[in-house]
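Enquirer: Here it is, the structure in full.
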Amino acid sequence: VAKSTESGSRVVAAETLVREGIFQGRFAPGTPLRELTLAREMNVSQATVREALQRLEHAGLVTRKANIGTTVTRLSPKDVRERVALRAMLETVAAEAAASRMTEADFGELERRLDILNQPVAGDKYYEAAQADLEFHRFIWQCSGNDMLCRLLEQVAVPLFAFVSILRSQGLERLMTVVRSEEHTS
């Protein structure tokens with residue numbers, strides 16, 4: 001049991017490192033992710049990296065093709081438009097369901113997560129801001145009580161969060177400017 005727990009924690013660590021690399025733009029969309037190279041860099045087995053990449057594929061962050069390899073998911077403008085439209089529809093359903101179920105404590109937790117989000121935004125910490133933003137939205141999804149809806153939103157939204165994080169980390173705009181412009185349009 002200890003060995004499988006240790007193996008599982010290595011997979012989680014490898015998954016986290018690659019996820020961070022994607023969100024931070026170290027692994028740009030379309031970049032090939034070679035299992036053997038990553039295994040050497042992380043000092044883990046190739047099987048560990050393979051499992052981590054399978055998890056990231058499930059999250060929509062990488063694309064795996066048999067006999068070809070794994071690449072960071074590349075979203076075309078059409079992919080982005082479709083995902084944004086789908087996310088808007090699904091999140092509306094989630095927010096409506098969550099609003100009727102949330103307790104005072106849930107609203108307090110939502111405020112806490114918003115405070116957490118504001119810290120990396122103020123410091124232009126793109127990866128941390130993207131993760132905090134995603135966690136804020138995930139909490140709302142979970143409060144909907146609809147597990148299928150949560151899974152669908154994970155598949156649709158996580159690659160969008162990564163895509164936006166990469167664009168912002170490439171210096172397109174300071175995060176606070178983006179947040180202020182979004183506040184004025186809401």
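Each chain of the structure tokens is named A, B, ... in the order shown, its residues numbered from 1; ligands are numbered from 1 in display order.
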Would you list the contacts of region 41-57 of chain A as a ChimeraX atom specification, taking every protein, DNA or RNA residue within 8 Å and counting only C-alpha atoms, but skipping same-chain residues closer than 5 positions in sequence?
Expert: /A:7,10-12,14-15,19,35-36,62-64,70
Enquirer: Could those selected residues go to a file with all heavy atoms, as a JSON list (two decimals), in the first residue's frame?
Expert:
[["chain", "number", "residue", "atom", "x", "y", "z"],
["A", 7, "SER", "N", 3.76, 6.03, -5.35],
["A", 7, "SER", "CA", 3.64, 6.12, -6.80],
["A", 7, "SER", "C", 2.58, 7.15, -7.18],
["A", 7, "SER", "O", 2.78, 7.94, -8.09],
["A", 7, "SER", "CB", 3.30, 4.75, -7.37],
["A", 7, "SER", "OG", 3.01, 4.85, -8.74],
["A", 10, "ARG", "N", 3.80, 10.62, -6.74],
["A", 10, "ARG", "CA", 4.72, 11.00, -7.82],
["A", 10, "ARG", "C", 3.95, 11.41, -9.07],
["A", 10, "ARG", "O", 4.32, 12.34, -9.76],
["A", 10, "ARG", "CB", 5.68, 9.85, -8.14],
["A", 10, "ARG", "CG", 6.76, 9.68, -7.11],
["A", 10, "ARG", "CD", 7.74, 8.63, -7.53],
["A", 10, "ARG", "NE", 8.77, 8.49, -6.51],
["A", 10, "ARG", "CZ", 9.43, 7.40, -6.28],
["A", 10, "ARG", "NH1", 9.20, 6.33, -7.01],
["A", 10, "ARG", "NH2", 10.35, 7.35, -5.34],
["A", 11, "VAL", "N", 2.88, 10.69, -9.35],
["A", 11, "VAL", "CA", 2.04, 11.03, -10.51],
["A", 11, "VAL", "C", 1.44, 12.42, -10.31],
["A", 11, "VAL", "O", 1.47, 13.25, -11.22],
["A", 11, "VAL", "CB", 0.94, 9.97, -10.74],
["A", 11, "VAL", "CG1", -0.06, 10.44, -11.79],
["A", 11, "VAL", "CG2", 1.55, 8.63, -11.14],
["A", 12, "VAL", "N", 0.92, 12.67, -9.13],
["A", 12, "VAL", "CA", 0.33, 13.98, -8.83],
["A", 12, "VAL", "C", 1.39, 15.08, -8.97],
["A", 12, "VAL", "O", 1.13, 16.13, -9.55],
["A", 12, "VAL", "CB", -0.32, 14.00, -7.43],
["A", 12, "VAL", "CG1", -0.70, 15.41, -7.01],
["A", 12, "VAL", "CG2", -1.53, 13.08, -7.40],
["A", 14, "ALA", "N", 4.14, 15.01, -10.82],
["A", 14, "ALA", "CA", 4.46, 15.16, -12.24],
["A", 14, "ALA", "C", 3.34, 15.91, -12.97],
["A", 14, "ALA", "O", 3.60, 16.80, -13.78],
["A", 14, "ALA", "CB", 4.71, 13.80, -12.89],
["A", 15, "GLU", "N", 2.11, 15.55, -12.66],
["A", 15, "GLU", "CA", 0.96, 16.22, -13.26],
["A", 15, "GLU", "C", 0.98, 17.71, -12.92],
["A", 15, "GLU", "O", 0.77, 18.56, -13.79],
["A", 15, "GLU", "CB", -0.34, 15.58, -12.76],
["A", 15, "GLU", "CG", -1.59, 16.25, -13.26],
["A", 15, "GLU", "CD", -2.85, 15.68, -12.62],
["A", 15, "GLU", "OE1", -2.77, 14.79, -11.75],
["A", 15, "GLU", "OE2", -3.93, 16.15, -13.01],
["A", 19, "ARG", "N", 1.29, 20.73, -15.56],
["A", 19, "ARG", "CA", 0.16, 21.68, -15.55],
["A", 19, "ARG", "C", 0.68, 23.10, -15.34],
["A", 19, "ARG", "O", 0.31, 24.02, -16.05],
["A", 19, "ARG", "CB", -0.85, 21.31, -14.46],
["A", 19, "ARG", "CG", -2.04, 22.27, -14.36],
["A", 19, "ARG", "CD", -2.93, 21.91, -13.18],
["A", 19, "ARG", "NE", -3.48, 20.59, -13.30],
["A", 19, "ARG", "CZ", -4.66, 20.31, -13.83],
["A", 19, "ARG", "NH1", -5.42, 21.27, -14.29],
["A", 19, "ARG", "NH2", -5.09, 19.06, -13.89],
["A", 35, "GLU", "N", 7.66, 11.80, -23.10],
["A", 35, "GLU", "CA", 7.61, 11.11, -21.81],
["A", 35, "GLU", "C", 9.00, 10.88, -21.24],
["A", 35, "GLU", "O", 9.24, 11.14, -20.06],
["A", 35, "GLU", "CB", 6.87, 9.78, -21.95],
["A", 35, "GLU", "CG", 5.41, 9.94, -22.19],
["A", 35, "GLU", "CD", 4.69, 8.61, -22.40],
["A", 35, "GLU", "OE1", 5.32, 7.53, -22.23],
["A", 35, "GLU", "OE2", 3.49, 8.64, -22.73],
["A", 36, "LEU", "N", 9.91, 10.37, -22.05],
["A", 36, "LEU", "CA", 11.25, 10.05, -21.57],
["A", 36, "LEU", "C", 12.00, 11.30, -21.10],
["A", 36, "LEU", "O", 12.62, 11.30, -20.05],
["A", 36, "LEU", "CB", 12.05, 9.32, -22.65],
["A", 36, "LEU", "CG", 13.36, 8.69, -22.22],
["A", 36, "LEU", "CD1", 13.15, 7.72, -21.05],
["A", 36, "LEU", "CD2", 14.00, 7.95, -23.39],
["A", 62, "VAL", "N", -3.75, 18.47, -22.66],
["A", 62, "VAL", "CA", -2.85, 17.87, -23.64],
["A", 62, "VAL", "C", -3.66, 16.97, -24.57],
["A", 62, "VAL", "O", -4.76, 16.53, -24.23],
["A", 62, "VAL", "CB", -1.69, 17.06, -22.99],
["A", 62, "VAL", "CG1", -0.87, 17.92, -22.04],
["A", 62, "VAL", "CG2", -2.20, 15.82, -22.29],
["A", 63, "THR", "N", -3.07, 16.71, -25.74],
["A", 63, "THR", "CA", -3.69, 15.83, -26.72],
["A", 63, "THR", "C", -2.73, 14.68, -26.96],
["A", 63, "THR", "O", -1.55, 14.90, -27.23],
["A", 63, "THR", "CB", -3.94, 16.59, -28.04],
["A", 63, "THR", "OG1", -4.73, 17.74, -27.75],
["A", 63, "THR", "CG2", -4.64, 15.72, -29.06],
["A", 64, "ARG", "N", -3.22, 13.46, -26.82],
["A", 64, "ARG", "CA", -2.39, 12.27, -27.02],
["A", 64, "ARG", "C", -2.86, 11.55, -28.27],
["A", 64, "ARG", "O", -4.05, 11.31, -28.44],
["A", 64, "ARG", "CB", -2.49, 11.36, -25.80],
["A", 64, "ARG", "CG", -1.94, 12.02, -24.53],
["A", 64, "ARG", "CD", -2.21, 11.21, -23.27],
["A", 64, "ARG", "NE", -1.71, 9.86, -23.33],
["A", 64, "ARG", "CZ", -0.47, 9.48, -23.01],
["A", 64, "ARG", "NH1", 0.40, 10.38, -22.60],
["A", 64, "ARG", "NH2", -0.10, 8.23, -23.07],
["A", 70, "THR", "N", 2.37, 13.08, -27.41],
["A", 70, "THR", "CA", 1.52, 14.01, -26.66],
["A", 70, "THR", "C", 1.98, 15.43, -26.93],
["A", 70, "THR", "O", 3.18, 15.71, -26.94],
["A", 70, "THR", "CB", 1.63, 13.71, -25.16],
["A", 70, "THR", "OG1", 1.28, 12.34, -24.93],
["A", 70, "THR", "CG2", 0.72, 14.60, -24.35]]
Enquirer: Can you write out as JSON lines which residues of region 132-165 of chain A fall within 12 Å of region 71-79 of chain A, alongside each residue's closest atom pair and its distance in Å to one decimal, counting only C-alpha atoms and ordering rows by chain and ascending residue number?
Expert:
{"residue": "A:Val156", "atom": "CA", "partner": "A:Asp79", "partner_atom": "CA", "distance": 10.0}
{"residue": "A:Ala157", "atom": "CA", "partner": "A:Asp79", "partner_atom": "CA", "distance": 11.5}
{"residue": "A:Val158", "atom": "CA", "partner": "A:Thr73", "partner_atom": "CA", "distance": 11.0}
{"residue": "A:Pro159", "atom": "CA", "partner": "A:Thr73", "partner_atom": "CA", "distance": 7.6}
{"residue": "A:Leu160", "atom": "CA", "partner": "A:Leu75", "partner_atom": "CA", "distance": 8.4}
{"residue": "A:Phe161", "atom": "CA", "partner": "A:Leu75", "partner_atom": "CA", "distance": 11.5}
{"residue": "A:Ala162", "atom": "CA", "partner": "A:Thr73", "partner_atom": "CA", "distance": 9.6}
{"residue": "A:Phe163", "atom": "CA", "partner": "A:Leu75", "partner_atom": "CA", "distance": 7.7}
{"residue": "A:Val164", "atom": "CA", "partner": "A:Leu75", "partner_atom": "CA", "distance": 10.7}
Enquirer: Identify all residues of chain A in helix (DSSP H, G or I) (DSSP on the backbone) and supply them as a PyMOL selection string.
Expert: chain A and resi 2-23+35-42+46-58+77-101+104-122+126-143+147-169+175-185
Enquirer: For the atom pair CA of Glu104 (chain A) and CA of Trp141 (chain A), what is the interatomic distance in Å to one decimal place?
Expert: 16.6 Å
Enquirer: What separation in Å, quoted to one decimal, exists between CA of Phe27 (chain A) and CA of Ile166 (chain A)?
Expert: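 Calculated distance between CA of Phe27 (chain A) and CA of Ile166 (chain A) is 9.3 Å.
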Enquirer: Could you tell me how far CA of Ser144 (chain A) lies from CA of Thr92 (chain A), in Å and to one decimal?
Expert: 10.5 Å
Enquirer: Hey, what does DSSP flag as strand (DSSP E) within region 40-82 of chain A? Can you give it to me as a list in words?
Expert: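 The strand (DSSP E) subset of region 40-82 of chain A is Val62, Thr63, Arg64, Lys65, Gly69, Thr70, Thr71 and Val72 of chain A.
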Enquirer: Taking into account only C-alpha atoms, which residue in the set A:Gln142, A:Gln24, A:Gln131, A:Ser165 is nearest to Leu110 (chain A)?
Expert: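 Nearest to Leu110 (chain A): A:Gln142.
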Enquirer: Choose the residue, out of A:Phe136, A:Ala122, A:Arg26, A:Leu167, that has the smallest atom-to-atom separation from Phe107 (chain A); count only C-alpha atoms.
Expert: A:Phe136
Enquirer: May I ask which of the residues A:Val121, A:Val80, A:Ala130, A:Leu149 is the closest one to Ala95 (chain A), counting only C-alpha atoms?
Expert: A:Leu149
Enquirer: Using only C-alpha atoms, which protein or nucleic acid residues come within 8 Å of Gly69 (chain A)? Drop anything in the same chain fewer than 3 positions from it, and give the result as a PyMOL selection string.
Expert: chain A and resi 32-34+64-66
Enquirer: For the residues selected in the previous step, produce a file with all heavy atoms as a PDB file, in the first residue's frame.
Expert:
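Okay, this is what ended up in selection14.pdb:
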ATOM      1  N   PRO A  32       5.413  19.503 -28.235  1.00  0.00           N
ATOM      2  CA  PRO A  32       5.452  18.067 -27.943  1.00  0.00           C
ATOM      3  C   PRO A  32       5.962  17.831 -26.517  1.00  0.00           C
ATOM      4  O   PRO A  32       6.889  18.508 -26.072  1.00  0.00           O
ATOM      5  CB  PRO A  32       6.453  17.515 -28.954  1.00  0.00           C
ATOM      6  CG  PRO A  32       6.729  18.599 -29.931  1.00  0.00           C
ATOM      7  CD  PRO A  32       6.360  19.887 -29.278  1.00  0.00           C
ATOM      8  N   LEU A  33       5.335  16.910 -25.828  1.00  0.00           N
ATOM      9  CA  LEU A  33       5.754  16.538 -24.471  1.00  0.00           C
ATOM     10  C   LEU A  33       6.262  15.098 -24.529  1.00  0.00           C
ATOM     11  O   LEU A  33       5.473  14.167 -24.640  1.00  0.00           O
ATOM     12  CB  LEU A  33       4.583  16.671 -23.490  1.00  0.00           C
ATOM     13  CG  LEU A  33       4.008  18.083 -23.343  1.00  0.00           C
ATOM     14  CD1 LEU A  33       2.741  18.055 -22.501  1.00  0.00           C
ATOM     15  CD2 LEU A  33       5.038  19.019 -22.743  1.00  0.00           C
ATOM     16  N   ARG A  34       7.544  14.925 -24.503  1.00  0.00           N
ATOM     17  CA  ARG A  34       8.177  13.616 -24.612  1.00  0.00           C
ATOM     18  C   ARG A  34       8.259  12.968 -23.230  1.00  0.00           C
ATOM     19  O   ARG A  34       8.864  13.525 -22.307  1.00  0.00           O
ATOM     20  CB  ARG A  34       9.577  13.740 -25.200  1.00  0.00           C
ATOM     21  CG  ARG A  34       9.637  14.511 -26.501  1.00  0.00           C
ATOM     22  CD  ARG A  34       9.286  13.592 -27.671  1.00  0.00           C
ATOM     23  NE  ARG A  34       9.419  14.318 -28.914  1.00  0.00           N
ATOM     24  CZ  ARG A  34       8.411  14.552 -29.743  1.00  0.00           C
ATOM     25  NH1 ARG A  34       7.221  14.084 -29.471  1.00  0.00           N
ATOM     26  NH2 ARG A  34       8.595  15.220 -30.850  1.00  0.00           N
ATOM     27  N   ARG A  64      -3.224  13.462 -26.825  1.00  0.00           N
ATOM     28  CA  ARG A  64      -2.387  12.274 -27.017  1.00  0.00           C
ATOM     29  C   ARG A  64      -2.859  11.547 -28.267  1.00  0.00           C
ATOM     30  O   ARG A  64      -4.054  11.310 -28.443  1.00  0.00           O
ATOM     31  CB  ARG A  64      -2.486  11.363 -25.799  1.00  0.00           C
ATOM     32  CG  ARG A  64      -1.940  12.018 -24.529  1.00  0.00           C
ATOM     33  CD  ARG A  64      -2.213  11.206 -23.268  1.00  0.00           C
ATOM     34  NE  ARG A  64      -1.707   9.857 -23.331  1.00  0.00           N
ATOM     35  CZ  ARG A  64      -0.469   9.485 -23.006  1.00  0.00           C
ATOM     36  NH1 ARG A  64       0.396  10.382 -22.596  1.00  0.00           N
ATOM     37  NH2 ARG A  64      -0.101   8.227 -23.074  1.00  0.00           N
ATOM     38  N   LYS A  65      -1.904  11.204 -29.132  1.00  0.00           N
ATOM     39  CA  LYS A  65      -2.221  10.447 -30.340  1.00  0.00           C
ATOM     40  C   LYS A  65      -1.342   9.208 -30.363  1.00  0.00           C
ATOM     41  O   LYS A  65      -0.123   9.305 -30.214  1.00  0.00           O
ATOM     42  CB  LYS A  65      -1.980  11.292 -31.586  1.00  0.00           C
ATOM     43  CG  LYS A  65      -2.960  12.446 -31.686  1.00  0.00           C
ATOM     44  CD  LYS A  65      -2.791  13.223 -32.957  1.00  0.00           C
ATOM     45  CE  LYS A  65      -3.820  14.334 -32.969  1.00  0.00           C
ATOM     46  NZ  LYS A  65      -3.502  15.387 -33.897  1.00  0.00           N
ATOM     47  N   ALA A  66      -1.987   8.052 -30.533  1.00  0.00           N
ATOM     48  CA  ALA A  66      -1.266   6.780 -30.560  1.00  0.00           C
ATOM     49  C   ALA A  66      -0.168   6.812 -31.621  1.00  0.00           C
ATOM     50  O   ALA A  66      -0.386   7.284 -32.737  1.00  0.00           O
ATOM     51  CB  ALA A  66      -2.237   5.636 -30.832  1.00  0.00           C
TER      52      ALA A  66
END
Enquirer: May I ask which of the residues A:Thr37, A:His58, A:Ile140, A:Gly8 is the closest one to Leu90 (chain A), counting only C-alpha atoms?
Expert: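 Among the listed residues, A:Ile140 lies closest to Leu90 (chain A).
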Enquirer: Determine the nearest neighbour of Asp106 (chain A) from the options A:Leu38, A:Phe139, A:Val93, A:Ala28, counting only C-alpha atoms.
Expert: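 For Asp106 (chain A), the nearest of the given residues is A:Phe139.
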